[in-house]
Each structure stands twice: as C-alpha cells, then as structure tokens.
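Notes follow once the structure below has been shown.
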Amino acid sequence: MSVPAPAPAAATTSTAPSTGPVLAPDVPATMRASVLLRQGEVEMQERPVPTPPPGEVLVRVRAVGVCGSDVHYYKAGRIGDFVVEQPLILGHEVSGVIAGVGEGVDPSRIGERVAVEPQRPCRTCRQCTTGHLNLCPDMKFYATPPIDGTFCDYVTAPAEFAFPIPDALSDNAGALLEPFSVGMWAVGKAQLAPGSRVLIAGAGPIGALTAIAARSYGATEIIVSDPVASRREQILGFGATSAVDPLDPGFDPAALGVDAFIECSGATPALLAGLKALRPGGTAVMVGLGAEEMPIPVQEVMNKEIVLTGIFRYVDTWPKVIAAAQAPGVDLDALVTAEFPLEEAEAALTQVPGESSLKTIVVVSR
C-alpha cells in the first residue's frame with residue numbers, strides 16, 4: 001500500500017551539530033518507491049524510509065528529471081558495463097526538502113529546499129585527492145547499478161552535496177540543475193571565455209542547457225545544429241544566437257571557424273562536421289553518448305592541433321549552475337514539457353517524445 005508523502009517540516013532553530021539522527025516529526029516509517037525489477041518492468045513498492053548516517057541528510061524528494069540513462073536502463077537493462085542485475089530505483093536529477101539530518105549535521109537545515117548532487121566519491125583515492133572526484137573508481141551514483149536512485153519519497157545524501165536553492169528557483173528547476181551541471185562542465189572543458197564562438201550539435205535538453213551555460217561563460221556567438229526545424233526554432237529561446245540545419249546542402253561547417261565545438265547529440269556525422277568547423281587550435285568536447293567507436297579524421301586533428309576530449313559527469317558545478325539559473329533571461333522551467341506523478345514513473349520512461357519535447361519531470365511531492 002502506498003504511503004502519501006507528507007508536507008515539508010518547518011526548519012528548527014538549533015545551530016549545533018546533531019549527536020545522532022534528527023528527523024522532522026512527520027517523517028513516516030515507510031515510503032513509496034518506483035522500482036525497476038528487470039528490463040522493461042517497473043513496480044510500485046513500499047520500502048522503509050532510510051535513516052541518514054553521520055554527515056548526511058534525509059531529503060524528502062519533490063521533483064526528479066527523467067534522464068536518457070533512466071530510459072536506457074529501463075529499455076535495455078544496461079549501459080556499457082553497468083548492468084541491472086537486481087531491482088533498482090531509477091532517477092538521479094533531484095530536488096527536495098531536508099527532512100532529517102545525521103550525526104554531525106546542523107538540525108537547522110531541516111526544512112531547507114535543496115538540489116542534490118548525485119555523486120558519492122570515496123574522497124581518498126588519487127582521483128579524488130587531486131580534484132577529479134567525477135573519475136573516482138569507487139564512485140556511488142544514484143540510479144547507477146547497484147545504487148538506488150530517487151524515484152521514491154526519501155533519499156539520503158552527503159550534507160555538503162545537498163545544495164540550498166533560492167525561492168527564485170522552482171522544484172522542477174532545482175531538479176534540472178543536474179543536467180545543467182553537465183552543460184556547465186562541458187563549456188568549462190571547452191575553455192570558453194568572453195567573446196568565444198561555439199558550435200553545439202544537438203538542440204535537445206542537454207544542448208539547450210549547454211547553450212545557456214555557454215552564454216553564462218560570455219560566449220557571444222552560440223550556433224546550434226539540429227536537423228529538426230521545430231527544435232532549431234525552440235533553441236533560440238535558450239541562449240543560442242543562431243540555429244543551422246546540418247542536412248542543408250548549403251551548410252559548410254568548415255566555413256564557421258569556431259573556437260569550440262560541443263557535441264551533444266551522440267551522432268557520428270555531427271562529430272565529424274564539428275571537427276571541420278573548428279579553427280586551428282580549437283577544442284572539441286564530446287558529451288552525447290553515441291557509438292562505442294567512431295572514425296576520427298586524424299590528419300585534421302593533427303594538422304589543426306585540435307584538442308579532442310570528452311566529459312564524464314562534473315566537479316564543483318552546483319554553485320555555478322545555481323547562479324546561472326537565476327540570471328536575467330534564463331528560465332529552466334521552460335524546458336519542462338511533461339510531468340508525471342511518481343505512480344506513473346513507468347509512463348514517464350516509455351512516453352514517445354514529440355519533436356518539441358525537451359524535459360520530463362516525475363513529480364514526487366509538492
């Protein structure tokens with residue numbers, strides 16, 4: 001039997017770190033969870049509400065964005081070496097309200113609206129200690145097997161990875177800070193600076209968020225390529241200064257000479273065209289997941305001294321995206337084109353998106 005999510009608790013007045021778990025008085029013993037039992041099969045279950053361990057918080061989930069990885073796990077049961085071998089809760093793009101704290105965390109945080117960075121690095125390996133937390137070999141990440149995600153009423157998270165969000169941002173916008181972090185990390189890797197010219201391939205949700213991030217970095221020309229006319233028109237409202245059809249016979253990527261190229265579609269032709277679009281010494285960043293192997297024009301990369309790199313998640317992006325999301329003209333809520341309640345999470349995973357669809361949100365509570 002499903003247990004309805006209770007209303008947020010009021011913040012306490014204590015400022016001293018707790019000496020044990022402290023929960024809001026309305027936190028129930030059990031919660032709802034949408035569980036992927038196996039490839040193509042989801043079941044609503046009743047599970048115990050987790051207790052926040054030392055240094056962590058209990059978050060009452062409000063909104064969760066549906067990522068392409070969630071859809072892929074549902075349809076294929078795996079992504080590369082990550083295989084769903086046991087029941088798994090999907091979802092990792094999450095906002096909510098702190099409903100409890102573990103030992104060592106200030107109880108005054110109870111009632112605070114937060115967006116949660118879904119990573120749990122070990123913090124002791126060489127990658128972590130040199131600032132590459134996203135490359136931690138022992139990373140625990142929401143909704144990456146075997147770690148449960150956030151299509152449920154409550155989750156725990158390290159206190160420092162639960163970032164307060166201002167009232168100016170909605171719960172939906174708070175959930176979108178995770179994919180926004182992907183775009184922000186990509187433009188940082190692309191070494192964008194004020195006055196930069198950038199080509200972005202793909203006008204989907206990550207392409208749109210990358211365009212917004214590029215604007216926040218001071219890029220003055222943001223060209224987005226996409227073969228779908230409605231998406232080209234739509235992207236102009238999300239930071240792009242122009243949109244081009246890569247299938248147009250008159251489109252010549254080599255004539256662009258941009259400083260950076262960010263590939264968000266995963267399409268091999270888009271990557272090859274983007275490499276041609278770079279000026280000598282330019283940077284190409286691969287974001288979209290496509291074929292495991294692609295042909296690379298080695299002579300072009302060498303002769304133009306192109307820097308070609310990829311990204312894997314992000315590091316220390318939340319302060320940047322929270323600030324960028326509040327900039328004039330930025331409206332993350334406009335990316336949300338569909339909402340589903342938690343009980344219909346499977347429908348959110350199986351919907352057939354239209355040409356103008358961008359982001360789907362699973363609404364857990366309000």
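Residue numbering restarts at 1 for every chain of the structure tokens, chains are lettered A, B, ... in their displayed order, and ligands are numbered from 1 as they appear.
Near Ile223 in chain A, within a cut-off of 8 Å and counting only C-alpha atoms, sit the residues A:Arg197, A:Val198, A:Leu199, A:Ile200, A:Ala240, A:Thr241, A:Ser242, A:Ala243, A:Val244, with same-chain residues fewer than 5 positions away left out.
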Identify, on the basis of only C-alpha atoms, every residue whose closest approach to Thr144 in chain A does not exceed 7 Å; exclude the query and any residue fewer than 3 positions from it along the same chain; express the result as a PyMOL selection string. chain A and resi 82+141+147
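One finds CA of Pro205 in chain A at 7.1 Å from CA of Leu335 in chain A.
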Check range 81-265 of chain A with DSSP on the backbone and list each residue it calls strand (DSSP E), as a PDB file with N, CA and C atoms, in the first residue's frame.
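The resulting result_10.pdb:
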ATOM      1  N   PHE A  82      27.633  -1.210 -16.903  1.00  0.00           N
ATOM      2  CA  PHE A  82      26.686  -1.087 -15.789  1.00  0.00           C
ATOM      3  C   PHE A  82      25.414  -1.850 -16.144  1.00  0.00           C
ATOM      4  N   VAL A  83      25.187  -2.953 -15.430  1.00  0.00           N
ATOM      5  CA  VAL A  83      24.097  -3.861 -15.765  1.00  0.00           C
ATOM      6  C   VAL A  83      23.121  -3.943 -14.594  1.00  0.00           C
ATOM      7  N   LEU A  88      16.150  -2.054  -9.001  1.00  0.00           N
ATOM      8  CA  LEU A  88      16.852  -0.770  -8.944  1.00  0.00           C
ATOM      9  C   LEU A  88      15.852   0.373  -9.015  1.00  0.00           C
ATOM     10  N   ILE A  89      16.015   1.368  -8.154  1.00  0.00           N
ATOM     11  CA  ILE A  89      15.244   2.600  -8.239  1.00  0.00           C
ATOM     12  C   ILE A  89      15.989   3.548  -9.170  1.00  0.00           C
ATOM     13  N   GLU A  93      18.262  13.080 -11.105  1.00  0.00           N
ATOM     14  CA  GLU A  93      18.172  14.537 -11.205  1.00  0.00           C
ATOM     15  C   GLU A  93      17.123  14.997 -10.204  1.00  0.00           C
ATOM     16  N   VAL A  94      17.548  15.476  -9.027  1.00  0.00           N
ATOM     17  CA  VAL A  94      16.600  15.551  -7.916  1.00  0.00           C
ATOM     18  C   VAL A  94      16.661  16.857  -7.135  1.00  0.00           C
ATOM     19  N   SER A  95      15.477  17.316  -6.743  1.00  0.00           N
ATOM     20  CA  SER A  95      15.356  18.408  -5.778  1.00  0.00           C
ATOM     21  C   SER A  95      14.387  17.968  -4.693  1.00  0.00           C
ATOM     22  N   GLY A  96      14.477  18.613  -3.531  1.00  0.00           N
ATOM     23  CA  GLY A  96      13.592  18.248  -2.428  1.00  0.00           C
ATOM     24  C   GLY A  96      13.782  19.152  -1.233  1.00  0.00           C
ATOM     25  N   VAL A  97      13.379  18.652  -0.083  1.00  0.00           N
ATOM     26  CA  VAL A  97      13.456  19.399   1.172  1.00  0.00           C
ATOM     27  C   VAL A  97      14.120  18.512   2.210  1.00  0.00           C
ATOM     28  N   ILE A  98      15.060  19.048   2.966  1.00  0.00           N
ATOM     29  CA  ILE A  98      15.716  18.267   4.003  1.00  0.00           C
ATOM     30  C   ILE A  98      14.713  17.963   5.106  1.00  0.00           C
ATOM     31  N   ALA A  99      14.531  16.672   5.397  1.00  0.00           N
ATOM     32  CA  ALA A  99      13.571  16.220   6.401  1.00  0.00           C
ATOM     33  C   ALA A  99      14.252  15.570   7.594  1.00  0.00           C
ATOM     34  N   GLY A 100      15.563  15.504   7.579  1.00  0.00           N
ATOM     35  CA  GLY A 100      16.299  14.924   8.693  1.00  0.00           C
ATOM     36  C   GLY A 100      17.790  15.063   8.477  1.00  0.00           C
ATOM     37  N   VAL A 101      18.539  14.943   9.571  1.00  0.00           N
ATOM     38  CA  VAL A 101      19.996  15.054   9.483  1.00  0.00           C
ATOM     39  C   VAL A 101      20.629  13.939  10.291  1.00  0.00           C
ATOM     40  N   ARG A 113      15.138  23.833   1.327  1.00  0.00           N
ATOM     41  CA  ARG A 113      14.982  23.338  -0.038  1.00  0.00           C
ATOM     42  C   ARG A 113      16.370  23.136  -0.649  1.00  0.00           C
ATOM     43  N   VAL A 114      16.569  21.997  -1.301  1.00  0.00           N
ATOM     44  CA  VAL A 114      17.894  21.676  -1.824  1.00  0.00           C
ATOM     45  C   VAL A 114      17.805  21.000  -3.185  1.00  0.00           C
ATOM     46  N   ALA A 115      18.895  21.096  -3.926  1.00  0.00           N
ATOM     47  CA  ALA A 115      19.144  20.263  -5.102  1.00  0.00           C
ATOM     48  C   ALA A 115      20.316  19.372  -4.735  1.00  0.00           C
ATOM     49  N   VAL A 116      20.231  18.105  -5.091  1.00  0.00           N
ATOM     50  CA  VAL A 116      21.220  17.129  -4.632  1.00  0.00           C
ATOM     51  C   VAL A 116      22.155  16.732  -5.765  1.00  0.00           C
ATOM     52  N   GLN A 119      26.428  12.379  -6.793  1.00  0.00           N
ATOM     53  CA  GLN A 119      27.677  11.634  -6.694  1.00  0.00           C
ATOM     54  C   GLN A 119      28.073  11.380  -5.232  1.00  0.00           C
ATOM     55  N   ARG A 120      28.692  10.219  -4.989  1.00  0.00           N
ATOM     56  CA  ARG A 120      29.300   9.911  -3.694  1.00  0.00           C
ATOM     57  C   ARG A 120      30.695   9.358  -3.951  1.00  0.00           C
ATOM     58  N   LYS A 140      29.868   6.045  -6.080  1.00  0.00           N
ATOM     59  CA  LYS A 140      28.489   5.578  -5.941  1.00  0.00           C
ATOM     60  C   LYS A 140      27.609   6.706  -6.467  1.00  0.00           C
ATOM     61  N   PHE A 141      26.769   6.405  -7.438  1.00  0.00           N
ATOM     62  CA  PHE A 141      25.984   7.422  -8.142  1.00  0.00           C
ATOM     63  C   PHE A 141      24.544   6.948  -8.208  1.00  0.00           C
ATOM     64  N   TYR A 154      11.904   9.438  -0.268  1.00  0.00           N
ATOM     65  CA  TYR A 154      13.029   9.926   0.539  1.00  0.00           C
ATOM     66  C   TYR A 154      14.341   9.313   0.059  1.00  0.00           C
ATOM     67  N   VAL A 155      15.406  10.104   0.114  1.00  0.00           N
ATOM     68  CA  VAL A 155      16.759   9.623  -0.164  1.00  0.00           C
ATOM     69  C   VAL A 155      17.709  10.268   0.835  1.00  0.00           C
ATOM     70  N   THR A 156      18.856   9.648   1.031  1.00  0.00           N
ATOM     71  CA  THR A 156      19.909  10.266   1.834  1.00  0.00           C
ATOM     72  C   THR A 156      21.019  10.745   0.911  1.00  0.00           C
ATOM     73  N   ALA A 157      21.770  11.755   1.382  1.00  0.00           N
ATOM     74  CA  ALA A 157      22.856  12.322   0.590  1.00  0.00           C
ATOM     75  C   ALA A 157      23.864  12.970   1.532  1.00  0.00           C
ATOM     76  N   PRO A 158      25.146  13.017   1.144  1.00  0.00           N
ATOM     77  CA  PRO A 158      26.123  13.765   1.937  1.00  0.00           C
ATOM     78  C   PRO A 158      25.648  15.203   2.119  1.00  0.00           C
ATOM     79  N   ALA A 162      24.090  18.448  -0.731  1.00  0.00           N
ATOM     80  CA  ALA A 162      22.705  18.922  -0.763  1.00  0.00           C
ATOM     81  C   ALA A 162      22.780  20.446  -0.748  1.00  0.00           C
ATOM     82  N   PHE A 163      22.634  21.049  -1.928  1.00  0.00           N
ATOM     83  CA  PHE A 163      22.872  22.485  -2.091  1.00  0.00           C
ATOM     84  C   PHE A 163      21.578  23.277  -1.919  1.00  0.00           C
ATOM     85  N   PRO A 164      21.580  24.264  -1.010  1.00  0.00           N
ATOM     86  CA  PRO A 164      20.387  25.100  -0.845  1.00  0.00           C
ATOM     87  C   PRO A 164      20.046  25.813  -2.150  1.00  0.00           C
ATOM     88  N   ARG A 197      33.327  31.956 -29.737  1.00  0.00           N
ATOM     89  CA  ARG A 197      32.355  31.467 -30.698  1.00  0.00           C
ATOM     90  C   ARG A 197      32.304  29.943 -30.571  1.00  0.00           C
ATOM     91  N   VAL A 198      31.089  29.389 -30.422  1.00  0.00           N
ATOM     92  CA  VAL A 198      30.972  27.961 -30.168  1.00  0.00           C
ATOM     93  C   VAL A 198      29.868  27.365 -31.031  1.00  0.00           C
ATOM     94  N   LEU A 199      30.103  26.136 -31.493  1.00  0.00           N
ATOM     95  CA  LEU A 199      29.097  25.344 -32.199  1.00  0.00           C
ATOM     96  C   LEU A 199      28.680  24.209 -31.284  1.00  0.00           C
ATOM     97  N   ILE A 200      27.365  24.039 -31.094  1.00  0.00           N
ATOM     98  CA  ILE A 200      26.821  22.957 -30.283  1.00  0.00           C
ATOM     99  C   ILE A 200      25.977  22.072 -31.194  1.00  0.00           C
ATOM    100  N   ALA A 201      26.243  20.777 -31.209  1.00  0.00           N
ATOM    101  CA  ALA A 201      25.457  19.837 -32.016  1.00  0.00           C
ATOM    102  C   ALA A 201      24.379  19.216 -31.148  1.00  0.00           C
ATOM    103  N   GLU A 221      28.795  34.208 -29.661  1.00  0.00           N
ATOM    104  CA  GLU A 221      28.149  33.556 -30.798  1.00  0.00           C
ATOM    105  C   GLU A 221      27.971  32.085 -30.460  1.00  0.00           C
ATOM    106  N   ILE A 222      26.718  31.664 -30.344  1.00  0.00           N
ATOM    107  CA  ILE A 222      26.386  30.300 -29.944  1.00  0.00           C
ATOM    108  C   ILE A 222      25.520  29.699 -31.047  1.00  0.00           C
ATOM    109  N   ILE A 223      26.141  28.887 -31.886  1.00  0.00           N
ATOM    110  CA  ILE A 223      25.474  28.284 -33.038  1.00  0.00           C
ATOM    111  C   ILE A 223      25.082  26.859 -32.666  1.00  0.00           C
ATOM    112  N   VAL A 224      23.827  26.506 -32.877  1.00  0.00           N
ATOM    113  CA  VAL A 224      23.369  25.152 -32.567  1.00  0.00           C
ATOM    114  C   VAL A 224      22.892  24.485 -33.844  1.00  0.00           C
ATOM    115  N   SER A 225      23.332  23.253 -34.066  1.00  0.00           N
ATOM    116  CA  SER A 225      22.899  22.497 -35.255  1.00  0.00           C
ATOM    117  C   SER A 225      21.934  21.402 -34.843  1.00  0.00           C
ATOM    118  N   SER A 242      22.023  31.507 -33.088  1.00  0.00           N
ATOM    119  CA  SER A 242      21.553  31.054 -34.401  1.00  0.00           C
ATOM    120  C   SER A 242      21.453  29.538 -34.387  1.00  0.00           C
ATOM    121  N   ALA A 243      20.665  29.009 -35.316  1.00  0.00           N
ATOM    122  CA  ALA A 243      20.500  27.562 -35.427  1.00  0.00           C
ATOM    123  C   ALA A 243      20.601  27.172 -36.890  1.00  0.00           C
ATOM    124  N   VAL A 244      21.295  26.063 -37.157  1.00  0.00           N
ATOM    125  CA  VAL A 244      21.531  25.646 -38.539  1.00  0.00           C
ATOM    126  C   VAL A 244      21.079  24.208 -38.734  1.00  0.00           C
ATOM    127  N   VAL A 258      34.937  28.107 -35.628  1.00  0.00           N
ATOM    128  CA  VAL A 258      34.606  28.437 -34.242  1.00  0.00           C
ATOM    129  C   VAL A 258      35.756  28.081 -33.299  1.00  0.00           C
ATOM    130  N   ASP A 259      35.718  28.689 -32.115  1.00  0.00           N
ATOM    131  CA  ASP A 259      36.748  28.420 -31.108  1.00  0.00           C
ATOM    132  C   ASP A 259      36.543  27.068 -30.443  1.00  0.00           C
ATOM    133  N   ALA A 260      35.277  26.661 -30.316  1.00  0.00           N
ATOM    134  CA  ALA A 260      34.981  25.413 -29.615  1.00  0.00           C
ATOM    135  C   ALA A 260      33.785  24.725 -30.255  1.00  0.00           C
ATOM    136  N   PHE A 261      33.779  23.408 -30.139  1.00  0.00           N
ATOM    137  CA  PHE A 261      32.670  22.588 -30.620  1.00  0.00           C
ATOM    138  C   PHE A 261      32.280  21.641 -29.501  1.00  0.00           C
ATOM    139  N   ILE A 262      30.977  21.599 -29.174  1.00  0.00           N
ATOM    140  CA  ILE A 262      30.482  20.715 -28.120  1.00  0.00           C
ATOM    141  C   ILE A 262      29.433  19.798 -28.732  1.00  0.00           C
ATOM    142  N   GLU A 263      29.707  18.493 -28.732  1.00  0.00           N
ATOM    143  CA  GLU A 263      28.850  17.504 -29.386  1.00  0.00           C
ATOM    144  C   GLU A 263      27.882  16.919 -28.353  1.00  0.00           C
TER     145      GLU A 263
END
Could you give me, as a PDB file with N, CA and C atoms, in the first residue's frame, the residues within 9 Å of Ala254 in chain A, counting only C-alpha atoms and dropping anything in the same chain fewer than 2 positions from it?
ATOM      1  N   ASP A 252      28.128  24.589 -44.741  1.00  0.00           N
ATOM      2  CA  ASP A 252      29.541  24.222 -44.814  1.00  0.00           C
ATOM      3  C   ASP A 252      30.180  24.444 -43.450  1.00  0.00           C
ATOM      4  N   LEU A 256      32.815  27.916 -40.665  1.00  0.00           N
ATOM      5  CA  LEU A 256      32.495  28.546 -39.382  1.00  0.00           C
ATOM      6  C   LEU A 256      33.739  29.016 -38.629  1.00  0.00           C
ATOM      7  N   GLY A 257      34.739  28.168 -38.520  1.00  0.00           N
ATOM      8  CA  GLY A 257      35.965  28.545 -37.811  1.00  0.00           C
ATOM      9  C   GLY A 257      35.725  28.932 -36.361  1.00  0.00           C
ATOM     10  N   ALA A 273      31.429  16.679 -38.536  1.00  0.00           N
ATOM     11  CA  ALA A 273      31.183  18.035 -39.024  1.00  0.00           C
ATOM     12  C   ALA A 273      31.728  19.067 -38.050  1.00  0.00           C
ATOM     13  N   GLY A 274      31.566  18.800 -36.760  1.00  0.00           N
ATOM     14  CA  GLY A 274      32.046  19.739 -35.757  1.00  0.00           C
ATOM     15  C   GLY A 274      33.548  19.892 -35.758  1.00  0.00           C
ATOM     16  N   LEU A 275      34.267  18.816 -36.009  1.00  0.00           N
ATOM     17  CA  LEU A 275      35.732  18.904 -36.084  1.00  0.00           C
ATOM     18  C   LEU A 275      36.147  19.785 -37.260  1.00  0.00           C
ATOM     19  N   LYS A 276      35.396  19.695 -38.351  1.00  0.00           N
ATOM     20  CA  LYS A 276      35.698  20.553 -39.503  1.00  0.00           C
ATOM     21  C   LYS A 276      35.397  22.024 -39.198  1.00  0.00           C
ATOM     22  N   ALA A 277      34.441  22.262 -38.304  1.00  0.00           N
ATOM     23  CA  ALA A 277      34.016  23.626 -38.007  1.00  0.00           C
ATOM     24  C   ALA A 277      34.993  24.384 -37.117  1.00  0.00           C
ATOM     25  N   LEU A 278      35.952  23.672 -36.515  1.00  0.00           N
ATOM     26  CA  LEU A 278      36.872  24.313 -35.574  1.00  0.00           C
ATOM     27  C   LEU A 278      37.966  25.099 -36.282  1.00  0.00           C
ATOM     28  N   ARG A 279      38.346  26.201 -35.680  1.00  0.00           N
ATOM     29  CA  ARG A 279      39.536  26.919 -36.133  1.00  0.00           C
ATOM     30  C   ARG A 279      40.768  26.131 -35.699  1.00  0.00           C
TER      31      ARG A 279
END
Can you tell me, as a list in words, which residues in range 24-76 of chain A count as alpha helix (DSSP H) by DSSP? Gly68, Ser69, Asp70, Val71, His72, Tyr73, Tyr74, Lys75 and Ala76 of chain A
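Using only C-alpha atoms, the residues found no farther than 10 Å from Met44 in chain A, other than those of its own chain fewer than 3 positions away, are A:Met1, A:Ser2, A:Arg32, A:Ala33, A:Ser34, A:Val35, A:Leu36, A:Leu37, A:Arg47, A:Phe151, A:Cys152, A:Leu342, A:Glu343, A:Glu344, A:Ala345, A:Glu346.
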Point-to-point distance in Å for CA of Gly102 in chain A and CA of Pro53 in chain A: 5.0 Å
Which neighbours of Arg126 in chain A fall inside 12 Å, counting only C-alpha atoms, when residues of the same chain fewer than 6 positions from it are skipped, and could you give them as number ranges by chain? A: 132-138
Using only all heavy atoms, please write the residues we just selected to a file, as a compact mmCIF listing (two decimals), in the first residue's frame.
# COMPACT_ATOMS: atom_id res chain seq x y z
N HIS A 132 39.69 15.27 -9.08
CA HIS A 132 38.93 14.63 -10.15
C HIS A 132 37.88 13.70 -9.55
O HIS A 132 37.84 12.49 -9.84
CB HIS A 132 39.86 13.87 -11.08
CG HIS A 132 40.96 14.71 -11.67
ND1 HIS A 132 40.73 15.63 -12.67
CD2 HIS A 132 42.28 14.80 -11.37
CE1 HIS A 132 41.86 16.24 -12.98
NE2 HIS A 132 42.83 15.75 -12.21
N LEU A 133 37.01 14.27 -8.71
CA LEU A 133 36.03 13.46 -8.00
C LEU A 133 35.16 12.64 -8.94
O LEU A 133 34.77 11.51 -8.63
CB LEU A 133 35.12 14.35 -7.15
CG LEU A 133 35.79 15.28 -6.13
CD1 LEU A 133 34.74 16.07 -5.38
CD2 LEU A 133 36.65 14.49 -5.15
N ASN A 134 34.85 13.21 -10.11
CA ASN A 134 33.97 12.53 -11.05
C ASN A 134 34.58 11.26 -11.62
O ASN A 134 33.87 10.42 -12.17
CB ASN A 134 33.58 13.47 -12.19
CG ASN A 134 34.80 14.02 -12.93
OD1 ASN A 134 35.82 14.33 -12.34
ND2 ASN A 134 34.68 14.16 -14.24
N LEU A 135 35.89 11.11 -11.51
CA LEU A 135 36.57 9.94 -12.06
C LEU A 135 36.93 8.92 -10.99
O LEU A 135 37.69 7.98 -11.25
CB LEU A 135 37.84 10.38 -12.80
CG LEU A 135 37.62 11.39 -13.94
CD1 LEU A 135 38.95 11.75 -14.60
CD2 LEU A 135 36.64 10.85 -14.97
N CYS A 136 36.37 9.08 -9.79
CA CYS A 136 36.63 8.15 -8.69
C CYS A 136 36.24 6.73 -9.10
O CYS A 136 35.11 6.49 -9.53
CB CYS A 136 35.83 8.58 -7.46
SG CYS A 136 35.90 7.40 -6.09
N PRO A 137 37.17 5.77 -8.98
CA PRO A 137 36.85 4.39 -9.39
C PRO A 137 35.85 3.72 -8.47
O PRO A 137 35.26 2.70 -8.83
CB PRO A 137 38.21 3.69 -9.36
CG PRO A 137 39.02 4.49 -8.39
CD PRO A 137 38.58 5.91 -8.55
N ASP A 138 35.66 4.27 -7.26
CA ASP A 138 34.71 3.70 -6.30
C ASP A 138 33.48 4.57 -6.15
O ASP A 138 32.81 4.55 -5.11
CB ASP A 138 35.40 3.50 -4.95
CG ASP A 138 36.54 2.51 -5.01
OD1 ASP A 138 36.36 1.46 -5.65
OD2 ASP A 138 37.61 2.78 -4.44
